[in-house]
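Visitor: Below is one structure. I have some questions about it.
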Protein chains: 2
Amino acid sequence: MKKLWILLPVVLVVTSSALAKEGMWLMTQLGDLDLAGQGIEVSAEQIYSPGKTCLLDAVVNMGGASGAFVSPQGLILTNHHVAYGAIQRLSTKGKNYLAEGFVAKSMANELPAPGAYARIITEIRDVTDEVLAAGAKIKDPYERHRAIRKKMSEIEDAERAKGEDVDATVAELYDGLLYHLYVFKRLNDIRIVLAPPESIGNYGSEIDNWMWPRHTGDFTYMRAYVSPDGVGREYSVDNVPYHPKKWLTISTRDLDEGDMTFILGFPGRTNRYATHFDVDYYLNNQYPYTIATDQKLIDIIEGACDTSEVSKIKAAGRTRWIYNGMKNNKGVIRGMQAENFLAEKTAFDNDLQAFVSANRKLRKKYGNVLEEIGKIYEERRATLARERMFTLFGRYGSMPLSRAISVYETAREREKPADERRPDWSENQVERMKRYARFGFMNVYEPFERALLRYQLQSANELPGDQRIKAVDKLIADKGSVDAAVDYLFDGTRMMNRSFVMPLFDSTSAAIEAIDDPMLRFAIALYPEQEASHQQEERRKALQNELDRQYIEMISAKDGLPYPDATGTVRFTLGKVEGYSPRDAVVYKPFTTLTGVIEKNTGKVPFNMPPELGVLEKERDFGIWEDPDLNDVPVAFTHVLDITGGNSGSPAFNSKGEMIGIAFDGNFEALLGDWKFQPKINRTISVDIRYVMFITEKFDHAQWLLDEMGVKTK
Amino acid sequence: MKKLWILLPVVLVVTSSALAKEGMWLMTQLGDLDLAGQGIEVSAEQIYSPGKTCLLDAVVNMGGASGAFVSPQGLILTNHHVAYGAIQRLSTKGKNYLAEGFVAKSMANELPAPGAYARIITEIRDVTDEVLAAGAKIKDPYERHRAIRKKMSEIEDAERAKGEDVDATVAELYDGLLYHLYVFKRLNDIRIVLAPPESIGNYGSEIDNWMWPRHTGDFTYMRAYVSPDGVGREYSVDNVPYHPKKWLTISTRDLDEGDMTFILGFPGRTNRYATHFDVDYYLNNQYPYTIATDQKLIDIIEGACDTSEVSKIKAAGRTRWIYNGMKNNKGVIRGMQAENFLAEKTAFDNDLQAFVSANRKLRKKYGNVLEEIGKIYEERRATLARERMFTLFGRYGSMPLSRAISVYETAREREKPADERRPDWSENQVERMKRYARFGFMNVYEPFERALLRYQLQSANELPGDQRIKAVDKLIADKGSVDAAVDYLFDGTRMMNRSFVMPLFDSTSAAIEAIDDPMLRFAIALYPEQEASHQQEERRKALQNELDRQYIEMISAKDGLPYPDATGTVRFTLGKVEGYSPRDAVVYKPFTTLTGVIEKNTGKVPFNMPPELGVLEKERDFGIWEDPDLNDVPVAFTHVLDITGGNSGSPAFNSKGEMIGIAFDGNFEALLGDWKFQPKINRTISVDIRYVMFITEKFDHAQWLLDEMGVKTK
């Protein structure tokens, strides 16, 4: 391995201007990018240099999102939708901060946001040798995978032990070609400073989600506090504002189409190195099958509606998320089809295979990699219908059963030794599940649940011989029919009762097993097969993980390697402010304006603009925030940058390294973006910093924040 | 009158470039337009000059639509949607010309299209004096109105008597300031020559209706035949192709954004001279009330749906038209609100009133005109709810009742002397009603009909004392309750039975009165009140017609007069090829392309493009029809022209007077267009003649037509 690594160094490929638009680059790759040639006036060292103050010091990770310091007093700018949960939790009957917004008059009034945190990167270290050594002598891929995961945790834990506010993550890059340790200072006392009302910060909401042109003022100010001696502890009245090493300068310059920009943030996941087998499976099996069963669920729910208002509301609540998922999956399929993506990937893999086969050494090492990946997908294909049943049982289908499964699985997982648990299991994850379950009771409606479970059992009952689920077979045999089984499960269950269900998330498996409830009993009966199927998929994943790494080594050997897939680690991406053409004869310009906010206003959620904005527009009370070309306040803009989920709240910079906006979304036309970056249509949507400042100054009258940021408004 | 007419000649106002974009000009006004100054290279005389051959000789009226001769053999180009009914009627089980399209291999194969006709203007004559003289000595406005209408009919009849194929229409212009006689040669033997399949000619159908960007190849070739001695008689095997005096040259030139264009055609109706009272009534009373009751009908129909597929299909068939109407009405309201249209009209009327009041003579003549118009709307406002009930009874509501009313009303109207009938009554109109009724049976569903009638009777039962409908009161009193009345009407009726209903359209009133059917009995009982209400509205209309003419005289006295409102007479309109911005950050370009057709293709109606188009695009087999800037075949384009319903099929010309397209739609953003032309967003959508020729040559391989039109494709 090590040898190959030296043999095949990561070769950056930043030659064509198209490729320059693409890429989520590691900090350690910045020196190899020709930033000056791309029109970036700040140097690689000014963006990131270990041990010295740099822009990266101003960038924070906020869980699944990003943010940036904008004052020496620890003031952070991020998205409204990043702070959403915190704002919601702080709201009470008397004070609805989502609807009304919140403006602290001074630091003393800021609202502690429990659960929110910000992490600053203090070190990035290559730990590849150490990690790989842990698995070096293990033959079985699954065991090797577990050993590597264990080592990663150990490295993280050792780092965390160094201080109360030290956090650490070992990131696997290029599917295991590289391992980087990211050390963080973690700040746990985060407070809300200024949140615009939802009618600005979430203007357009779900309707405009993924859409351009966009008119959302998706920003919120927060502030990080630490102990008087600088430790990032939990909230305390004694805490003081954190003084970051670096904070960003708010740009008061003009921004135009064609200007070069960049972003620093924490993109979550991409599939840029997928093989044609991955694409084939998702395009032709996984997505279509999921869409078909999703559609079936929707039909069942809507069909089980009666004429009552309540059933319609609950059905809408239930189907909305299914529709969303379907829309997304269909969008990806459409993107793949429009791009002829499978043919492209197949041709790429054929070339790669030919290259490898032509070299004896490479052939010996990699000759079968693609074939082996293909076999894994053959297995997945064979069990797809059965796996989908488990997914419906455990998550999307009839709620009483999925909750019974959740509570029992949670108990069993919690009781396992830490290193045997599922990789995504955590008490945090359980908390999220509980929130989801509690919220979900709103939309439970017995006629839906019965109809859904009937469909699920019927579908399971139609699985072919080698795929059958024994617990389902037994249930139906015992009760005589699917209908009788549904009646049995529902007639005696308490799983529709919230106060019965919620404590079960904190019960032991033994306690749950002792309860006499048919739905729980069935969940317990399902568990062994479900767990076995899960284990099998974990083994497949471990094997594929290795094969994927070898696939990337093949690419590296042939073409050199650009940036790695996103893995939640900090990345740099650059590109110009540009609109796009979503379809024939239509051009989207890169800037929206306050006039557009007013155009969309209907007075009704989610287009219920605060009337004050209309007054400001009428009086043209724009301060210095009017764009000289638009003759209006810019609201949001699009740039050709390569980001994805996790980048929400990332600071956007102009070529001088000043903050020009906050990234908050991608565009619907580029739903294929995680698989393939298409420079013609992939766009980052950022809220323009001039809109942020306009709202801060003219709508919220928070002059003290402008002063603190050093923004001169005259 | 005459004196005033001389005192206040129609002063053309074509000064600003904004105004130049607006206007549906009479042929007699062409000489006053500065065509050369606008960049039109053909002269007014080349477009229209009495007695000489001119472009107008190539333009035909086709009922509620337009068309143009494009060969010396009487070949006509019009819209696919204009020929739609004829193509549909010619289709049989074995031959679906809508789906498959139709291409005659030679003249011998052309398909006669019964009912279709084309009218060529042979003379335009001012008959103002003659018409007005008929009413000169009558005091009562309604009687005067009837006398004028009678005179108009007499003039038309006298003209028609001059020849078998002579047709004539006296048009009232400026609400009666001018009367023009249009004499036509009417050609009744029209045959289908080439119709593209619906998947081209109606591509996008209802979904794209009113929408830009548009990809519809909305054209069809027809041919006019006459007797060997040139008379425009009905179909006969002996008929020969008509040789028009003039036919249009198909342009093979490039067409670009900014190029000047013009259109000749037959726009139907506009309200450009509405007073603020008209606007106020429609904006604040008529439209909102109609929308509210429409919504109620939709709720009732959807609420009466059961879980059966058939009820859902019938509900969709019923509600679709109501939704369409609502969408239109809401669009107009939105347009009025966005434009602050009522305030604009109020200010205009206030200025006008001040102008009139300042002059003794004018004050005496016109001082009360606006006030009187206001009073008419006060009356309408008071009876709106009652009138709406009659509309629902007779048209949109429960179908068995509306059919009962239709058949009885038809019989009574037919039995009146011709000059006492409703102005819009004709046997043609009855035929349309029958077609609509026959088609409507598809969507009749008893649960809807009962629920609708229950709502209608209940609403009528809630009318205030002075507005009550006695026939309804009696019915409910007799039966004891609304529910009992509904049961009575439905339990014994045969009005849901198609073979019972259809012959009634040709029955006498006495025969209908003799039938023992509760629904018919109730319709007969309603008739006197309904007829009285109708008469009252006719009187109001007659009065308003005079007041509106005086209002236009006031405008003429103050500002001079531009073009008159559209009245189905031939008009000239000019403007540039231009895209538009429908909303913030979005730009629509003025041309769509074949690539866009392919982009929209889903394989499913209405986006089921014929696969051959994909092949032509792939092979870039565009012939000479590729646009040099687009590098593609242009499909449709937008220009800033002032057209409306009735202009469908109108030829569009370049500045040299060559045919560059066929107008087929307006855009959704300009739904206010009939009330106010907004140059920024009002657009005519025309199919590009290059797409028409491309389809003719490359898709339909109809070289003989290209040869006939003199189009050189090499």
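Naming scheme: A, B, ... for chains in displayed order of the structure tokens; residues 1 onward per chain; ligands 1 onward as shown.
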Give the residues of chain A that lie within 12 Å of chain B; count only C-alpha atoms, and format the answer as JSON, numbers by chain.
Guide: {"A": [212, 213, 214, 215, 299, 300, 302, 303, 304, 305, 306, 307, 308, 309, 312, 334, 335, 337, 338, 339, 578, 579, 580, 581, 582, 583, 584, 585, 586, 587, 588, 589, 590, 591, 592, 593, 594, 595, 596, 597, 598, 599, 600, 601, 602, 630, 632, 634, 635, 636, 637, 638]}
Visitor: Could you go through segment 187-269 of chain A and tell me which residues DSSP, when run on the backbone, assigns to strand (DSSP E or B), listing them as an NGL selection string?
Guide: :A and (187 or 189-195 or 220-226 or 240-241 or 250 or 260-265)
Visitor: Please produce an output containing N, CA, C and O atoms for each residue in the selection, written as a compact mmCIF listing (two decimals), in the first residue's frame.
Guide:
# COMPACT_ATOMS: atom_id res chain seq x y z
N LEU A 187 -16.67 24.53 21.04
CA LEU A 187 -17.32 25.57 21.86
C LEU A 187 -18.78 25.18 22.03
O LEU A 187 -19.53 25.14 21.06
N ASP A 189 -21.03 26.64 24.32
CA ASP A 189 -21.96 27.69 24.76
C ASP A 189 -22.18 28.66 23.60
O ASP A 189 -21.41 29.59 23.38
N ILE A 190 -23.25 28.36 22.85
CA ILE A 190 -23.55 29.17 21.67
C ILE A 190 -24.88 29.88 21.94
O ILE A 190 -25.81 29.28 22.47
N ARG A 191 -24.92 31.15 21.61
CA ARG A 191 -26.15 31.91 21.89
C ARG A 191 -26.67 32.59 20.62
O ARG A 191 -25.89 32.93 19.73
N ILE A 192 -27.98 32.74 20.59
CA ILE A 192 -28.61 33.42 19.46
C ILE A 192 -28.50 34.92 19.68
O ILE A 192 -28.90 35.43 20.74
N VAL A 193 -27.98 35.63 18.68
CA VAL A 193 -27.81 37.08 18.78
C VAL A 193 -28.88 37.80 17.97
O VAL A 193 -29.54 38.72 18.45
N LEU A 194 -29.04 37.38 16.74
CA LEU A 194 -30.07 37.99 15.89
C LEU A 194 -30.55 36.95 14.89
O LEU A 194 -29.76 36.36 14.16
N ALA A 195 -31.84 36.72 14.92
CA ALA A 195 -32.46 35.85 13.91
C ALA A 195 -33.58 36.65 13.26
O ALA A 195 -34.43 37.20 13.96
N THR A 220 -28.48 33.87 10.31
CA THR A 220 -28.68 34.13 11.74
C THR A 220 -27.31 34.42 12.36
O THR A 220 -26.31 33.84 11.95
N TYR A 221 -27.31 35.35 13.29
CA TYR A 221 -26.09 35.63 14.05
C TYR A 221 -26.13 34.83 15.34
O TYR A 221 -27.14 34.83 16.06
N MET A 222 -25.01 34.16 15.65
CA MET A 222 -24.87 33.49 16.94
C MET A 222 -23.55 33.98 17.55
O MET A 222 -22.77 34.68 16.90
N ARG A 223 -23.35 33.62 18.81
CA ARG A 223 -22.07 34.01 19.42
C ARG A 223 -21.57 32.86 20.27
O ARG A 223 -22.36 32.19 20.96
N ALA A 224 -20.26 32.63 20.20
CA ALA A 224 -19.63 31.56 20.99
C ALA A 224 -19.07 32.14 22.28
O ALA A 224 -18.42 33.19 22.26
N TYR A 225 -19.36 31.45 23.37
CA TYR A 225 -18.85 31.85 24.68
C TYR A 225 -17.95 30.75 25.23
O TYR A 225 -18.15 29.57 24.95
N VAL A 226 -16.97 31.16 26.04
CA VAL A 226 -16.07 30.20 26.71
C VAL A 226 -15.90 30.61 28.16
O VAL A 226 -16.32 31.70 28.57
N VAL A 240 -17.57 34.05 28.95
CA VAL A 240 -17.27 35.31 28.25
C VAL A 240 -17.20 35.04 26.75
O VAL A 240 -16.96 33.91 26.34
N PRO A 241 -17.40 36.06 25.94
CA PRO A 241 -17.31 35.84 24.48
C PRO A 241 -15.95 35.26 24.11
O PRO A 241 -14.92 35.66 24.67
N ILE A 250 -16.36 41.86 6.51
CA ILE A 250 -17.58 41.94 5.70
C ILE A 250 -17.30 42.83 4.49
O ILE A 250 -16.87 43.96 4.64
N MET A 260 -14.74 36.26 -9.43
CA MET A 260 -14.27 35.00 -8.85
C MET A 260 -14.58 34.97 -7.36
O MET A 260 -14.46 35.98 -6.68
N THR A 261 -15.01 33.80 -6.88
CA THR A 261 -15.37 33.65 -5.47
C THR A 261 -14.85 32.30 -4.97
O THR A 261 -14.47 31.45 -5.77
N PHE A 262 -14.81 32.14 -3.66
CA PHE A 262 -14.53 30.81 -3.12
C PHE A 262 -15.28 30.60 -1.82
O PHE A 262 -15.84 31.54 -1.25
N ILE A 263 -15.31 29.35 -1.39
CA ILE A 263 -16.04 28.97 -0.18
C ILE A 263 -15.20 28.01 0.64
O ILE A 263 -14.51 27.15 0.08
N LEU A 264 -15.26 28.17 1.95
CA LEU A 264 -14.68 27.19 2.89
C LEU A 264 -15.83 26.63 3.73
O LEU A 264 -16.61 27.41 4.29
N GLY A 265 -15.91 25.31 3.79
CA GLY A 265 -17.00 24.73 4.58
C GLY A 265 -16.87 23.23 4.66
O GLY A 265 -15.84 22.66 4.27
Visitor: Could you please write out, as a short mmCIF file (atom, residue, chain, number, x, y, z; two decimals) with C-alpha atoms, in the first residue's frame, every residue of segment 443-610 of chain B that DSSP assigns to alpha helix (DSSP H)?
Guide:
data_model
loop_
_atom_site.label_atom_id
_atom_site.label_comp_id
_atom_site.auth_asym_id
_atom_site.auth_seq_id
_atom_site.Cartn_x
_atom_site.Cartn_y
_atom_site.Cartn_z
CA GLU B 446 -75.41 11.50 -10.04
CA PRO B 447 -73.79 12.10 -6.63
CA PHE B 448 -72.16 15.29 -7.98
CA GLU B 449 -75.34 16.46 -9.64
CA ARG B 450 -77.44 16.00 -6.53
CA ALA B 451 -74.88 17.70 -4.30
CA LEU B 452 -74.55 20.59 -6.74
CA LEU B 453 -78.27 21.12 -7.03
CA ARG B 454 -78.63 20.96 -3.27
CA TYR B 455 -76.04 23.74 -2.98
CA GLN B 456 -77.70 25.78 -5.73
CA LEU B 457 -81.16 25.55 -4.21
CA GLN B 458 -79.80 26.24 -0.75
CA SER B 459 -77.96 29.34 -2.04
CA ALA B 460 -81.06 30.54 -3.87
CA ASN B 461 -82.99 29.98 -0.66
CA LYS B 470 -90.22 32.65 -6.83
CA ALA B 471 -89.96 29.36 -8.71
CA VAL B 472 -87.39 28.17 -6.19
CA ASP B 473 -89.46 29.36 -3.25
CA LYS B 474 -92.48 27.51 -4.60
CA LEU B 475 -90.53 24.31 -5.22
CA ILE B 476 -89.08 24.24 -1.71
CA ALA B 477 -92.42 25.16 -0.12
CA ASP B 478 -94.21 22.43 -2.09
CA LYS B 479 -91.70 19.74 -1.20
CA VAL B 482 -84.32 21.60 -0.04
CA ASP B 483 -83.39 17.94 0.38
CA ALA B 484 -86.91 16.82 -0.48
CA ALA B 485 -86.89 19.12 -3.52
CA VAL B 486 -83.61 17.60 -4.75
CA ASP B 487 -84.99 14.09 -4.30
CA TYR B 488 -88.17 15.05 -6.15
CA LEU B 489 -86.26 16.57 -9.08
CA PHE B 490 -83.86 13.65 -9.43
CA ASP B 491 -86.03 10.67 -8.61
CA ARG B 498 -78.55 11.17 -23.34
CA SER B 499 -80.94 9.67 -25.86
CA PHE B 500 -83.85 11.34 -24.07
CA VAL B 501 -82.15 14.73 -23.85
CA SER B 509 -91.68 24.58 -26.39
CA ALA B 510 -95.19 23.10 -26.44
CA ALA B 511 -93.79 19.59 -26.86
CA ILE B 512 -91.41 20.12 -23.96
CA GLU B 513 -94.19 21.54 -21.79
CA PRO B 518 -89.87 17.12 -12.76
CA MET B 519 -86.57 18.62 -13.94
CA LEU B 520 -88.15 19.98 -17.12
CA ARG B 521 -91.14 21.25 -15.13
CA PHE B 522 -88.83 23.15 -12.81
CA ALA B 523 -86.88 24.60 -15.75
CA ILE B 524 -90.17 25.77 -17.28
CA ALA B 525 -91.22 27.27 -13.96
CA LEU B 526 -87.91 29.16 -13.75
CA TYR B 527 -88.13 30.50 -17.30
CA PRO B 528 -90.26 33.66 -16.80
CA GLU B 529 -88.05 35.06 -14.03
CA GLN B 530 -84.92 34.08 -15.85
CA GLU B 531 -86.17 35.69 -19.06
CA ALA B 532 -87.20 38.86 -17.20
CA SER B 533 -83.79 39.09 -15.61
CA HIS B 534 -82.21 38.58 -19.00
CA GLN B 535 -84.35 41.34 -20.54
CA GLN B 536 -83.40 43.67 -17.75
CA GLU B 537 -79.71 43.06 -18.38
CA GLU B 538 -80.25 43.58 -22.12
CA ARG B 539 -81.75 46.99 -21.32
CA ARG B 540 -78.83 47.82 -19.07
CA LYS B 541 -76.45 46.79 -21.82
CA ALA B 542 -78.22 48.98 -24.36
CA LEU B 543 -78.02 51.94 -22.04
CA GLN B 544 -74.42 51.28 -21.18
CA ASN B 545 -73.56 50.91 -24.85
CA GLU B 546 -74.62 54.51 -25.42
CA LEU B 547 -72.90 55.76 -22.32
CA ASP B 548 -69.72 53.95 -23.31
CA ARG B 549 -69.84 55.65 -26.72
CA GLN B 550 -70.21 59.01 -25.00
CA TYR B 551 -67.32 58.12 -22.71
CA ILE B 552 -65.17 57.50 -25.79
CA GLU B 553 -66.33 60.83 -27.22
CA MET B 554 -65.12 62.44 -24.00
CA ILE B 555 -61.71 60.79 -24.39
CA SER B 556 -61.64 61.83 -28.01
CA ALA B 557 -62.39 65.43 -27.07
CA LYS B 558 -59.62 65.47 -24.52
CA ASP B 559 -56.81 63.36 -25.98
CA LEU B 594 -35.85 21.83 -31.53
CA THR B 595 -33.48 21.02 -28.67
CA GLY B 596 -36.14 22.38 -26.33
CA VAL B 597 -38.76 20.09 -27.88
CA ILE B 598 -36.49 17.16 -27.08
CA GLU B 599 -35.80 18.46 -23.56
CA LYS B 600 -39.52 18.45 -22.79
#
Visitor: Hey, which of B:Ala147, B:Val444, B:Leu297, B:Ala161 ends up closest to Asn497 of chain B? Count only C-alpha atoms.
Guide: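 The closest residue to Asn497 of chain B is B:Val444.
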Visitor: Using atom CA of Arg363 of chain B and atom CA of Arg149 of chain B as the two end points, give the distance in Å to one decimal.
Guide: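 It comes out at 29.0 Å.
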Visitor: Write out as an mmCIF file with C-alpha atoms, in the first residue's frame which residues come within 6 Å of segment 562-573 of chain B when counting only C-alpha atoms, dropping same-chain ones fewer than 5 positions away.
Guide:
data_model
loop_
_atom_site.group_PDB
_atom_site.id
_atom_site.type_symbol
_atom_site.label_atom_id
_atom_site.label_comp_id
_atom_site.auth_asym_id
_atom_site.auth_seq_id
_atom_site.Cartn_x
_atom_site.Cartn_y
_atom_site.Cartn_z
ATOM 1 C CA LEU B 12 -54.133 58.832 -34.156
ATOM 2 C CA VAL B 13 -51.674 58.938 -31.333
ATOM 3 C CA GLY B 23 -52.620 48.954 -30.937
ATOM 4 C CA MET B 24 -54.976 46.878 -33.040
ATOM 5 C CA TRP B 25 -55.302 49.261 -35.947
ATOM 6 C CA LEU B 26 -58.085 49.404 -38.507
ATOM 7 C CA TYR B 174 -65.675 52.677 -30.561
ATOM 8 C CA PHE B 262 -46.382 42.847 -37.998
ATOM 9 C CA ILE B 263 -49.555 40.777 -37.998
ATOM 10 C CA LEU B 264 -52.873 40.927 -39.848
ATOM 11 C CA GLY B 265 -55.755 39.045 -38.292
ATOM 12 C CA PHE B 266 -59.135 39.124 -36.592
ATOM 13 C CA PRO B 267 -58.858 39.876 -32.845
ATOM 14 C CA GLY B 268 -62.108 39.141 -30.948
ATOM 15 C CA ARG B 269 -62.789 41.358 -27.943
ATOM 16 C CA THR B 270 -60.881 43.804 -25.748
ATOM 17 C CA ASP B 642 -51.063 43.429 -29.580
#
Visitor: Could you work out how far atom CA of Ala65 of chain B lies from atom CA of Ala44 of chain B, giving the answer in Å with one decimal?
Guide: 23.4 Å
Visitor: Residues within 12 Å of Met62 of chain A, please, as a compact mmCIF listing (two decimals) with C-alpha atoms, in the first residue's frame. Count only C-alpha atoms; anything in the same chain fewer than 5 positions from it doesn't count.
Guide:
# COMPACT_ATOMS: atom_id res chain seq x y z
CA GLY A 67 -20.39 29.00 9.89
CA ALA A 68 -17.83 31.78 10.29
CA ILE A 76 -20.79 33.87 14.12
CA LEU A 77 -22.78 34.15 10.91
CA THR A 78 -24.52 31.00 9.70
CA ASN A 79 -27.85 30.10 8.08
CA VAL A 82 -28.90 25.91 10.70
CA ALA A 83 -30.11 27.73 13.81
CA GLY A 115 -27.32 21.62 21.88
CA ALA A 116 -25.70 24.03 19.44
CA TYR A 117 -21.92 23.99 19.16
CA ALA A 118 -19.13 25.32 16.98
CA ARG A 119 -15.82 23.56 16.29
CA ILE A 120 -12.65 25.34 15.17
CA ILE A 121 -9.96 23.29 13.42
CA PHE A 184 -11.01 20.79 16.93
CA LYS A 185 -11.57 23.20 19.74
CA ARG A 186 -15.21 22.66 20.59
CA LEU A 187 -17.32 25.57 21.86
CA ASN A 188 -20.51 24.40 23.56
CA ILE A 190 -23.55 29.17 21.67
CA MET A 222 -24.87 33.49 16.94
CA ALA A 224 -19.63 31.56 20.99
CA GLY A 265 -17.00 24.73 4.58
CA PHE A 266 -17.84 21.17 5.51
CA PRO A 267 -19.52 19.28 2.62
CA GLY A 568 -17.74 16.03 6.20
CA THR A 569 -14.19 17.41 6.31
CA VAL A 570 -13.35 21.01 5.55
CA GLY A 646 -23.07 20.22 5.18
CA ASN A 647 -21.90 23.39 3.43
CA SER A 648 -24.99 25.17 4.76
CA GLY A 649 -23.77 28.31 6.52
CA SER A 650 -20.38 28.33 4.79
Visitor: List as a list in words the protein and nucleic acid residues near Ser49 of chain B, meaning an atom at most 12 Å away when only C-alpha atoms are counted, but skip any in the same chain fewer than 6 places from it.
Guide: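 Here the qualifying residues turn out to be Met27, Thr28, Gln29, Leu30, Gly31, Ser43, Leu55, Leu56, Asp57, Ile121, Thr122, Glu123 and Ile124 of chain B.
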Visitor: Generate a file of the selected residues that holds N, CA and C atoms, formatted as a compact mmCIF listing (two decimals), in the first residue's frame.
Guide:
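The resulting out16.txt:
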# COMPACT_ATOMS: atom_id res chain seq x y z
N MET B 27 -57.76 48.90 -40.87
CA MET B 27 -57.12 49.07 -42.17
C MET B 27 -57.17 50.53 -42.62
N THR B 28 -58.27 51.20 -42.27
CA THR B 28 -58.44 52.60 -42.68
C THR B 28 -57.54 53.55 -41.90
N GLN B 29 -56.84 53.03 -40.89
CA GLN B 29 -55.93 53.89 -40.11
C GLN B 29 -54.48 53.72 -40.54
N LEU B 30 -54.21 52.73 -41.40
CA LEU B 30 -52.82 52.40 -41.74
C LEU B 30 -52.05 53.61 -42.27
N GLY B 31 -52.75 54.43 -43.11
CA GLY B 31 -52.08 55.57 -43.73
C GLY B 31 -51.57 56.58 -42.71
N SER B 43 -45.25 49.46 -47.72
CA SER B 43 -46.04 50.66 -47.49
C SER B 43 -47.45 50.31 -47.02
N LEU B 55 -51.62 42.85 -49.36
CA LEU B 55 -51.42 41.72 -48.44
C LEU B 55 -52.75 41.26 -47.82
N LEU B 56 -53.64 42.22 -47.56
CA LEU B 56 -54.91 41.86 -46.92
C LEU B 56 -55.67 40.82 -47.74
N ASP B 57 -55.48 40.82 -49.07
CA ASP B 57 -56.18 39.85 -49.92
C ASP B 57 -55.75 38.41 -49.62
N ILE B 121 -61.86 39.36 -47.33
CA ILE B 121 -62.49 40.70 -47.33
C ILE B 121 -62.47 41.26 -48.75
N THR B 122 -63.64 41.61 -49.28
CA THR B 122 -63.69 42.19 -50.62
C THR B 122 -63.97 43.69 -50.58
N GLU B 123 -64.49 44.15 -49.44
CA GLU B 123 -64.78 45.58 -49.34
C GLU B 123 -64.93 45.98 -47.87
N ILE B 124 -64.46 47.21 -47.57
CA ILE B 124 -64.70 47.79 -46.23
C ILE B 124 -65.38 49.14 -46.48
Visitor: Can you tell me which residues surround Glu431 of chain B at a distance of at most 12 Å, considering only C-alpha atoms, apart from same-chain residues fewer than 2 positions away, and format the answer as a PyMOL selection string?
Guide: chain B and resi 115+406-407+410+425-429+433-438+502+505-506
